[in-house]
Structure formats: C-alpha cells, structure tokens
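Peer 1: The structure file coords_35.cif (mmCIF, C-alpha atoms) is provided below.
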data_final
loop_
_atom_site.label_atom_id
_atom_site.label_comp_id
_atom_site.auth_asym_id
_atom_site.auth_seq_id
_atom_site.Cartn_x
_atom_site.Cartn_y
_atom_site.Cartn_z
CA MET A 1 -8.83 6.52 98.76
CA LEU A 2 -8.23 7.17 95.06
CA ALA A 3 -8.14 3.45 94.32
CA SER A 4 -11.50 2.90 95.97
CA PHE A 5 -12.97 5.89 94.15
CA LEU A 6 -11.83 4.49 90.80
CA GLU A 7 -13.23 1.12 91.80
CA TRP A 8 -16.56 2.71 92.73
CA LEU A 9 -16.60 4.73 89.49
CA SER A 10 -16.01 1.67 87.34
CA ASN A 11 -18.98 -0.05 88.98
CA THR A 12 -21.41 2.77 88.31
CA GLN A 13 -24.14 2.23 85.75
CA PHE A 14 -22.70 4.91 83.52
CA SER A 15 -19.24 3.36 83.48
CA THR A 16 -20.74 -0.04 82.69
CA PHE A 17 -22.70 1.54 79.85
CA MET A 18 -19.57 3.14 78.36
CA ARG A 19 -17.79 -0.21 78.56
CA GLU A 20 -20.53 -2.42 77.20
CA SER A 21 -22.20 -0.28 74.58
CA THR A 22 -21.07 -1.04 71.03
CA TRP A 23 -21.29 2.56 69.86
CA ALA A 24 -20.56 4.77 72.87
CA GLU A 25 -16.79 4.34 72.86
CA PRO A 26 -16.20 4.66 69.07
CA ILE A 27 -18.44 7.74 68.87
CA VAL A 28 -16.92 9.49 71.89
CA GLU A 29 -13.40 8.60 70.82
CA SER A 30 -13.99 9.87 67.28
CA ILE A 31 -15.23 13.18 68.67
CA HIS A 32 -12.21 13.32 70.98
CA VAL A 33 -9.76 12.70 68.12
CA LEU A 34 -11.42 14.92 65.51
CA THR A 35 -11.67 17.83 67.96
CA LEU A 36 -7.87 17.95 67.69
CA THR A 37 -8.56 20.03 64.59
CA LEU A 38 -10.32 22.69 66.64
CA PHE A 39 -8.09 22.53 69.68
CA LEU A 40 -4.58 21.54 68.58
CA GLY A 41 -4.82 23.28 65.21
CA PHE A 42 -5.95 26.57 66.72
CA ALA A 43 -3.47 26.32 69.61
CA VAL A 44 -0.56 25.82 67.20
CA MET A 45 -1.63 28.80 65.08
CA LEU A 46 -1.90 30.97 68.20
CA ASP A 47 1.49 29.74 69.45
CA MET A 48 2.97 30.64 66.08
CA ARG A 49 1.68 34.19 66.58
CA LEU A 50 3.38 34.20 70.00
CA LEU A 51 6.58 33.17 68.25
CA GLY A 52 6.12 35.95 65.73
CA VAL A 53 5.79 33.57 62.79
CA THR A 54 2.18 34.03 61.62
CA LEU A 55 -0.42 36.82 61.68
CA LYS A 56 2.36 39.29 62.49
CA ARG A 57 0.49 42.30 61.14
CA ARG A 58 -2.43 41.66 63.50
CA ARG A 59 -2.46 42.97 67.06
CA MET A 60 -1.61 40.20 69.52
CA SER A 61 -4.54 41.24 71.73
CA GLU A 62 -6.90 40.97 68.76
CA VAL A 63 -5.54 37.53 67.79
CA LEU A 64 -5.95 36.32 71.37
CA ALA A 65 -9.51 37.65 71.54
CA GLN A 66 -10.41 35.92 68.28
CA PHE A 67 -8.82 32.57 69.10
CA ASN A 68 -9.76 32.25 72.76
CA PRO A 69 -13.50 31.43 72.47
CA TRP A 70 -12.76 28.67 69.93
CA LEU A 71 -9.91 27.30 72.01
CA PHE A 72 -12.14 27.21 75.09
CA ALA A 73 -14.88 25.45 73.14
CA GLY A 74 -12.40 22.92 71.74
CA PHE A 75 -10.86 22.36 75.15
CA ALA A 76 -14.29 21.83 76.73
CA VAL A 77 -15.16 19.15 74.16
CA MET A 78 -11.77 17.50 74.74
CA ILE A 79 -12.26 17.42 78.52
CA VAL A 80 -15.85 16.16 78.39
CA THR A 81 -15.11 13.40 75.86
CA GLY A 82 -11.86 12.58 77.65
CA VAL A 83 -13.66 12.15 80.98
CA LEU A 84 -16.30 9.97 79.30
CA LEU A 85 -13.59 7.72 77.83
CA PHE A 86 -11.88 7.56 81.23
CA CYS A 87 -15.17 6.53 82.86
CA GLY A 88 -15.29 3.49 80.57
CA ASP A 89 -12.42 1.87 82.43
CA PRO A 90 -11.01 4.16 85.15
CA VAL A 91 -8.89 1.56 86.92
CA SER A 92 -7.10 0.47 83.73
CA PHE A 93 -6.58 4.06 82.59
CA TYR A 94 -5.06 5.07 85.89
CA ASN A 95 -2.78 2.05 86.02
CA THR A 96 -1.51 1.89 82.43
CA HIS A 97 2.00 0.56 82.21
CA PRO A 98 4.13 2.43 81.12
CA PRO A 99 2.22 5.21 82.95
CA PHE A 100 1.20 7.13 79.81
CA PHE A 101 -2.06 8.25 81.42
CA LYS A 102 -0.33 9.79 84.43
CA ILE A 103 2.26 11.41 82.15
CA LYS A 104 -0.54 12.91 80.06
CA MET A 105 -2.33 14.28 83.14
CA ILE A 106 0.85 15.86 84.49
CA MET A 107 1.54 17.50 81.13
CA LEU A 108 -2.05 18.78 80.98
CA VAL A 109 -1.53 20.47 84.35
CA LEU A 110 1.75 21.95 83.10
CA ALA A 111 0.01 23.25 79.95
CA GLY A 112 -2.62 24.88 82.19
CA LEU A 113 0.11 26.44 84.35
CA ASN A 114 1.77 27.78 81.20
CA VAL A 115 -1.46 29.60 80.28
CA LEU A 116 -1.87 30.95 83.83
CA ILE A 117 1.72 32.18 83.99
CA PHE A 118 1.39 33.80 80.56
CA ASN A 119 -1.80 35.59 81.58
CA ALA A 120 -0.26 36.78 84.85
CA THR A 121 2.95 38.09 83.30
CA ILE A 122 3.67 38.99 79.69
CA GLY A 123 0.06 38.48 78.64
CA ARG A 124 -1.09 41.20 81.05
CA LYS A 125 1.19 43.68 79.34
CA VAL A 126 0.10 42.66 75.84
CA ALA A 127 -0.75 46.27 74.96
CA GLU A 128 2.96 47.11 75.20
CA TRP A 129 4.00 44.65 72.49
CA ASP A 130 0.76 44.33 70.55
CA LEU A 131 2.30 45.21 67.19
CA SER A 132 6.03 45.04 67.85
CA PRO A 133 7.82 43.34 64.94
CA SER A 134 9.40 40.78 67.24
CA THR A 135 7.47 39.31 70.16
CA PRO A 136 9.14 39.41 73.63
CA GLY A 137 11.27 36.48 74.74
CA ALA A 138 8.80 35.50 77.46
CA ALA A 139 6.00 35.24 74.87
CA LYS A 140 8.22 33.06 72.69
CA VAL A 141 8.98 30.80 75.65
CA ALA A 142 5.25 30.44 76.38
CA GLY A 143 4.63 29.55 72.72
CA VAL A 144 7.38 26.92 72.55
CA VAL A 145 6.38 25.37 75.90
CA SER A 146 2.77 25.20 74.70
CA ILE A 147 3.62 23.50 71.38
CA VAL A 148 5.98 20.99 73.00
CA LEU A 149 3.47 20.09 75.72
CA TRP A 150 0.53 19.67 73.35
CA VAL A 151 2.52 17.49 70.97
CA LEU A 152 3.61 15.31 73.90
CA ILE A 153 0.03 15.21 75.21
CA VAL A 154 -1.21 13.94 71.83
CA ALA A 155 1.59 11.37 71.76
CA ALA A 156 0.84 10.19 75.30
CA GLY A 157 -2.87 10.06 74.49
CA ARG A 158 -2.23 7.83 71.48
CA ALA A 159 0.10 5.68 73.56
CA ILE A 160 -2.61 5.10 76.20
CA ALA A 161 -4.75 3.31 73.61
CA TYR A 162 -1.88 0.92 72.92
CA VAL A 163 -1.41 -0.12 76.52
CA LEU A 164 -5.04 -0.34 77.65
CA PRO A 165 -6.34 -3.89 77.86
CA PRO A 166 -8.62 -4.70 74.90
CA PRO A 167 -12.36 -4.38 75.66
CA MET B 168 -8.04 -3.13 34.57
CA LEU B 169 -7.96 -0.25 37.10
CA LYS B 170 -8.84 -2.68 39.86
CA SER B 171 -5.96 -5.02 39.12
CA LEU B 172 -3.62 -2.04 38.86
CA LEU B 173 -4.72 -0.81 42.29
CA LEU B 174 -4.30 -4.25 43.78
CA GLU B 175 -0.86 -4.49 42.20
CA PHE B 176 0.04 -1.12 43.75
CA CYS B 177 -1.18 -2.30 47.17
CA ARG B 178 0.93 -5.45 46.87
CA TRP B 179 3.95 -3.39 45.92
CA CYS B 180 3.47 -1.12 48.98
CA ASN B 181 2.90 -4.09 51.22
CA ASN B 182 6.16 -5.71 50.11
CA SER B 183 8.22 -2.52 50.06
CA TRP B 184 11.15 -2.11 52.44
CA TRP B 185 9.30 0.60 54.37
CA GLY B 186 6.16 -1.51 54.59
CA HIS B 187 8.23 -4.36 56.01
CA GLY B 188 10.28 -2.07 58.21
CA ILE B 189 7.36 -0.33 59.90
CA ARG B 190 5.40 -3.59 60.24
CA ASP B 191 8.30 -5.37 61.88
CA SER B 192 9.22 -2.58 64.27
CA THR B 193 7.56 -2.13 67.67
CA TRP B 194 7.86 1.64 67.73
CA LEU B 195 7.73 2.87 64.13
CA PHE B 196 3.97 2.45 63.62
CA PRO B 197 2.94 4.50 66.68
CA PHE B 198 5.72 6.99 65.91
CA VAL B 199 4.41 7.63 62.39
CA GLU B 200 0.85 7.66 63.71
CA ILE B 201 1.66 10.57 66.04
CA PHE B 202 2.83 12.62 63.04
CA HIS B 203 -0.46 11.73 61.35
CA LEU B 204 -2.40 12.99 64.41
CA ILE B 205 -0.43 16.25 64.76
CA GLY B 206 -0.91 16.76 61.01
CA LEU B 207 -4.64 16.19 61.50
CA GLY B 208 -4.78 18.91 64.14
CA ILE B 209 -2.97 21.49 62.02
CA LEU B 210 -4.60 20.62 58.68
CA GLY B 211 -8.08 20.51 60.21
CA GLY B 212 -7.39 23.63 62.24
CA THR B 213 -6.33 25.70 59.23
CA ILE B 214 -9.27 24.44 57.16
CA LEU B 215 -11.64 25.33 60.02
CA ILE B 216 -10.12 28.79 60.38
CA LEU B 217 -10.59 29.50 56.67
CA ASN B 218 -14.13 28.17 56.60
CA LEU B 219 -15.15 30.04 59.75
CA ARG B 220 -13.81 33.19 58.10
CA LEU B 221 -15.67 32.43 54.87
CA MET B 222 -18.87 32.05 56.87
CA ARG B 223 -18.02 35.27 58.74
CA LEU B 224 -18.19 33.46 62.07
CA ALA B 225 -14.65 34.33 63.19
CA PHE B 226 -11.45 36.24 62.40
CA ARG B 227 -13.37 39.05 60.77
CA SER B 228 -10.74 41.71 61.35
CA GLU B 229 -8.68 40.16 58.57
CA SER B 230 -9.79 39.79 54.96
CA THR B 231 -10.34 36.20 53.85
CA ALA B 232 -7.58 36.43 51.25
CA GLU B 233 -5.10 37.81 53.80
CA LEU B 234 -5.96 35.08 56.29
CA ALA B 235 -5.70 32.47 53.54
CA GLY B 236 -2.22 33.75 52.74
CA GLU B 237 -1.22 33.38 56.41
CA VAL B 238 -2.58 29.88 56.99
CA ARG B 239 -1.95 28.40 53.54
CA PRO B 240 1.68 27.38 54.15
CA TRP B 241 0.55 25.57 57.32
CA MET B 242 -2.31 23.92 55.49
CA LEU B 243 -0.08 22.71 52.65
CA GLY B 244 2.72 21.66 55.00
CA SER B 245 0.43 19.64 57.24
CA LEU B 246 -1.31 18.12 54.20
CA ALA B 247 2.10 16.93 53.01
CA VAL B 248 2.85 15.44 56.45
CA MET B 249 -0.55 13.72 56.47
CA LEU B 250 -0.14 12.27 52.97
CA LEU B 251 3.36 10.99 53.67
CA SER B 252 2.60 9.55 57.14
CA GLY B 253 -0.69 8.16 55.84
CA PHE B 254 1.06 6.45 52.94
CA LEU B 255 3.59 4.89 55.33
CA LEU B 256 0.83 3.62 57.66
CA PHE B 257 -1.11 2.31 54.65
CA SER B 258 1.96 0.43 53.43
CA THR B 259 2.03 -1.74 56.55
CA GLU B 260 -1.28 -3.36 55.57
CA ALA B 261 -1.93 -2.18 52.05
CA VAL B 262 -3.49 -5.38 50.74
CA LYS B 263 -5.92 -5.51 53.66
CA MET B 264 -6.83 -1.87 53.02
CA TYR B 265 -7.62 -2.68 49.39
CA GLY B 266 -10.74 -4.51 50.49
CA ASN B 267 -11.63 -2.25 53.44
CA TRP B 268 -14.80 -0.24 52.78
CA ALA B 269 -13.84 2.46 55.29
CA PHE B 270 -10.51 2.94 53.54
CA GLN B 271 -12.19 3.18 50.12
CA PHE B 272 -14.63 5.73 51.56
CA LYS B 273 -11.77 7.74 53.05
CA MET B 274 -9.76 7.75 49.80
CA LEU B 275 -12.76 8.81 47.74
CA PHE B 276 -13.46 11.73 50.09
CA LEU B 277 -9.75 12.59 50.25
CA LEU B 278 -9.56 12.80 46.48
CA LEU B 279 -12.67 14.98 46.30
CA ALA B 280 -11.54 17.17 49.22
CA ILE B 281 -8.11 17.81 47.67
CA ILE B 282 -9.53 18.62 44.23
CA TYR B 283 -12.13 20.90 45.83
CA THR B 284 -9.58 22.65 48.07
CA PHE B 285 -7.26 23.47 45.18
CA THR B 286 -9.99 24.63 42.80
CA VAL B 287 -13.31 26.03 44.04
CA HIS B 288 -12.26 26.63 47.66
CA ARG B 289 -8.97 28.26 46.65
CA LYS B 290 -10.68 30.59 44.19
CA ILE B 291 -13.26 31.76 46.73
CA THR B 292 -10.85 32.19 49.65
CA LEU B 293 -8.38 34.19 47.57
CA ALA B 294 -11.07 36.44 46.06
CA ASP B 295 -11.83 39.91 47.42
CA ASP B 296 -14.38 39.78 50.21
CA GLY B 297 -17.05 41.69 48.31
CA ARG B 298 -16.93 39.52 45.21
CA PHE B 299 -19.09 36.60 46.28
CA GLY B 300 -22.31 36.84 48.26
CA ALA B 301 -22.87 35.36 51.71
CA ALA B 302 -24.87 32.43 50.34
CA VAL B 303 -22.06 31.36 47.99
CA ARG B 304 -19.42 31.67 50.70
CA ILE B 305 -21.42 29.70 53.26
CA PHE B 306 -22.16 27.01 50.67
CA VAL B 307 -18.52 26.72 49.63
CA ALA B 308 -17.38 26.53 53.28
CA THR B 309 -20.01 23.92 54.16
CA VAL B 310 -19.04 21.66 51.26
CA SER B 311 -15.39 21.92 52.32
CA LEU B 312 -16.25 21.01 55.92
CA LEU B 313 -18.41 18.06 54.81
CA LEU B 314 -15.72 16.67 52.48
CA TRP B 315 -12.95 16.89 55.09
CA THR B 316 -15.21 15.51 57.83
CA GLY B 317 -15.87 12.55 55.52
CA VAL B 318 -12.10 11.97 55.32
CA GLY B 319 -11.78 12.15 59.10
CA LEU B 320 -14.71 9.85 59.81
CA GLY B 321 -13.45 7.36 57.23
CA GLY B 322 -10.09 7.42 58.97
CA ARG B 323 -11.70 6.75 62.34
CA ALA B 324 -13.80 3.95 60.89
CA LEU B 325 -10.72 2.22 59.40
CA GLY B 326 -9.43 1.35 62.81
CA TYR B 327 -12.70 -0.27 63.80
CA VAL B 328 -13.19 -2.16 60.55
CA THR B 329 -9.78 -3.85 60.61
CA THR B 330 -7.70 -4.79 63.56
CA SER B 331 -4.16 -3.70 62.97
CA VAL B 332 -1.68 -6.39 61.96
CA ASN B 333 0.78 -4.56 64.12
CA SER B 334 1.18 -6.29 67.43
CA VAL B 335 2.51 -3.29 69.35
CA SER B 336 -0.07 -3.65 72.09
CA ASP B 337 0.87 -7.29 72.67
CA LEU B 338 4.56 -6.51 72.80
CA LEU B 339 4.05 -3.74 75.31
CA ARG B 340 1.80 -5.62 77.64
#
Translate the structure of the given file into structure tokens.

Peer 2:
Amino acid sequence: MLASFLEWLSNTQFSTFMRESTWAEPIVESIHVLTLTLFLGFAVMLDMRLLGVTLKRRRMSEVLAQFNPWLFAGFAVMIVTGVLLFCGDPVSFYNTHPPFFKIKMIMLVLAGLNVLIFNATIGRKVAEWDLSPSTPGAAKVAGVVSIVLWVLIVAAGRAIAYVLPPP
Amino acid sequence: MLKSLLLEFCRWCNNSWWGHGIRDSTWLFPFVEIFHLIGLGILGGTILILNLRLMRLAFRSESTAELAGEVRPWMLGSLAVMLLSGFLLFSTEAVKMYGNWAFQFKMLFLLLAIIYTFTVHRKITLADDGRFGAAVRIFVATVSLLLWTGVGLGGRALGYVTTSVNSVSDLLR
C-alpha cells in the first residue's frame, strides 16, 4: 500500500519537477536549512526557559505566548519545505539505508508527543509556577527531552542527505 | 602580497593534522557539520530574537537591553561553536575554498556581520528603548538581518559550487 503510494507520488508531475528542475531543490533545501534559525533557535531558547536557565524573571506563560506564534510559523515552513524535498524522491527517502529518514520521522512524532504531554499536564498548570525561581521537575524533563530530540532530528536530517542517491 | 599570504594560510590548514584527520575519517566531517548546523540554529535564533525586538515585532514585554543581556551569552557561545566548527570543515578543503566564489562571498559577509554585531548593533541593542527612534532601530535590525542572511546563503551556495572531497556518501552506500 505505502510502497505503491510512494511509487505513484514519485511519478506525479510535481515530483518529476522537483527532481529535474535545477533550482527547485537548492532553493527549497536552503529555506529548509536556514529556517533552523527560526525554529531550532527559538525552541532551544524556550527550552532553556523551561529549564530555568534563561528569561527567569519573565512569567513562563508570557514567554510561551511570545514564542509560540514564531515557533508555529517556523515549524510550518519546516514541514512544507520538508514535504517538498520528500516529494522529489519519495521512494529513496523512505528507503534510506541506514534508515535515517524513518528515525527522523519517529523522533518528530516523539517531539510532537512531548509538546502534547506538556500541554496536558504541567503546561496546563503554568499559572502555579509562572514566576517560581526554579521550574518544576516535569517542566525540566519536557525541556531536556525537547532539546535532545531536536538535536537528533537535525543530525538525522543531515545524515539523510549523505545516504540519498545523488540526483 | 595579501593574496599569497591567504593562499599560504589555506595550504597550511589543508596540510594540518586536523585537516588530514577530518578528511580521512568517515564520520568526523558529518559529526562536525552537525555542530555547525546546531550552532546555526542558535546563533540565527538569537539574532532573530534581538532584531524582532528592535523592530518591536515580538518580545515587547522585555526591554531590548534586558533581552540582549539574556540572549547574548547564547549568541556568543553559538558564534564560537560556528567559527570553530566552520574552521575545521574549511580545513578539509581549504585550498579549494580559496578559489570558491561562494566561500569568498560568505567570508566577506561574515567579516562585515561580526564587525557590525559588535559595534553598531551592540550599541543600539544595549541602549535604553527610548533613545533611538523607530526608523533607526528598524534600519539597524534590517542591516543585521541582511548581513547574516548573506552569510547563510553563501554557506548554502558553497555546497553547490564545490562537491565535497569527502567521500562519506560513497563509503556509506
């Protein structure tokens, strides 16, 4: 099922365009990489607030409210450009060996779960620890998990480019 | 005179033990590259945060100077990581880079961006918020964003201008 979908996708006009155009891939990939500044950079600074390292004098709820729109925007650009790159050669991406692509996708899901769990638990009670000098243990765990996952996601993403067949 | 000195420097890097070591290893080049990418995220992120604040587009509950104080250690730390990892990557093909227009472009913008960040940009971000008008702040932030974007685009272009001498991809396949 999945294999035939990937096969179909790689034969679409759009996929062929991404593969054959001289400029499409470099432009999309450059946007993907440079958006790390908006996404990874902001995520790390927010995680550092969760760990109680930076922006300690600011309310956690305020920091979250200020960072979230930018993080969403950065994430959206990452997803869109990432999907476009994937469309260029879906079969090869899916079957990279070692399976860096699959590892990256699993870690992306885990990073999403980390956000959902945070929002459902300690994040819901943010008013209770908004200005406390030391953030709660659960918030620290969420921050560490986030940093570790995003660093590994970047590493896996870079590794994919090494194991994809050359165009 | 300067040109031959630069070329001499590139040769020296190329023949250094670390240049050899990273070039000859399967894993060291990608390993150092990942530090360069993480550094890019944090350096670019902190620069964006400061410039968005200067332009009053975000983080307005904090004064610019206060925010600058918070993010500055991260900015300087990640800049150090980027310079060191970048130097190591450069050393694996320094002589090739000498003649690479994208690399020359990147280094020119890097030099300008660093000088700008530690002079004009630093002065404006550390000043009290009322001291400079909106037009000055937006102008200063825009120049900073343009200079650093130039560095980033030059870095992206490098990879397309030269094919890496490193044969990691072949070894892995």

Peer 1: Taking a cut-off of 8 Å and counting all atoms listed in the file, can you build a table that, for each residue of chain A near chain B, reports the nearest atom pair and how far apart they are in Å (one decimal), sorted by chain then residue number, as CSV?

Peer 2:
residue,atom,partner,partner_atom,distance
A:Ser30,CA,B:Arg323,CA,6.3
A:Leu34,CA,B:Gly319,CA,7.0
A:Thr35,CA,B:Gly208,CA,8.0
A:Leu36,CA,B:Gly208,CA,4.8
A:Thr37,CA,B:Gly208,CA,4.0
A:Leu38,CA,B:Gly212,CA,5.4
A:Phe39,CA,B:Gly208,CA,7.4
A:Leu40,CA,B:Gly208,CA,5.2
A:Gly41,CA,B:Gly212,CA,3.9
A:Phe42,CA,B:Gly212,CA,5.5
A:Val44,CA,B:Ile209,CA,7.2
A:Thr54,CA,B:Glu237,CA,6.3
A:Leu55,CA,B:Glu237,CA,6.3
A:Gln66,CA,B:Phe226,CA,6.0
A:His97,CA,B:Arg340,CA,7.7
A:Val151,CA,B:Ile205,CA,7.0
A:Val154,CA,B:Ile201,CA,7.3
A:Ala155,CA,B:Ile201,CA,5.8
A:Arg158,CA,B:Ile201,CA,7.2
A:Ala159,CA,B:Pro197,CA,7.5
A:Tyr162,CA,B:Ser336,CA,5.0
A:Val163,CA,B:Ser336,CA,5.8

Peer 1: Just the number, please: distance in Å from CA of Gly188 (chain B) to CA of Thr259 (chain B), one decimal.

Peer 2: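 Pair CA of Gly188 (chain B) / CA of Thr259 (chain B) returns 8.4 Å.
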
Peer 1: Under the PyMOL selection byres ((chain A and resi 86) around 12), which residues of this model are included? Write them out as an NGL selection string.

Peer 2: :A and (6 or 9-10 or 14-16 or 18-19 or 25 or 28-29 or 32 or 78-85 or 87-96 or 101 or 105 or 157 or 160-161 or 164)

Peer 1: What would the selection look like, as a list of chain:residue names, if the PyMOL selection byres ((chain A and resi 130) around 9) were run on the coordinates I just shared?

Peer 2: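 Selection result, ordered by chain and number: A:Arg58, A:Arg59, A:Met60, A:Ser61, A:Glu62, A:Lys125, A:Val126, A:Ala127, A:Glu128, A:Trp129, A:Leu131, A:Ser132, A:Thr135.
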
Peer 1: Residue by residue, what does the PyMOL selection byres ((chain B and resi 297-311) around 9) grab here? Present the result as a list of chain:residue names.

Peer 2: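 That expression, the PyMOL selection byres ((chain B and resi 297-311) around 9), corresponds here to B:Ile214, B:Leu215, B:Leu217, B:Asn218, B:Leu219, B:Arg220, B:Leu221, B:Met222, B:Arg223, B:Ala280, B:Tyr283, B:Thr284, B:Val287, B:His288, B:Ile291, B:Thr292, B:Ala294, B:Asp295, B:Asp296, B:Leu312, B:Leu313, B:Leu314, B:Trp315, B:Thr316.
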
Peer 1: Find the distance between CA of Thr121 (chain A) and CA of Ile103 (chain A) and write it in Å to one decimal.

Peer 2: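 Going from CA of Thr121 (chain A) over to CA of Ile103 (chain A), I get 26.7 Å.
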
Peer 1: Could you check how far CA of Ala269 (chain B) sits from CA of Val318 (chain B), in Å to one decimal?

Peer 2: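 So the answer is 9.7 Å.
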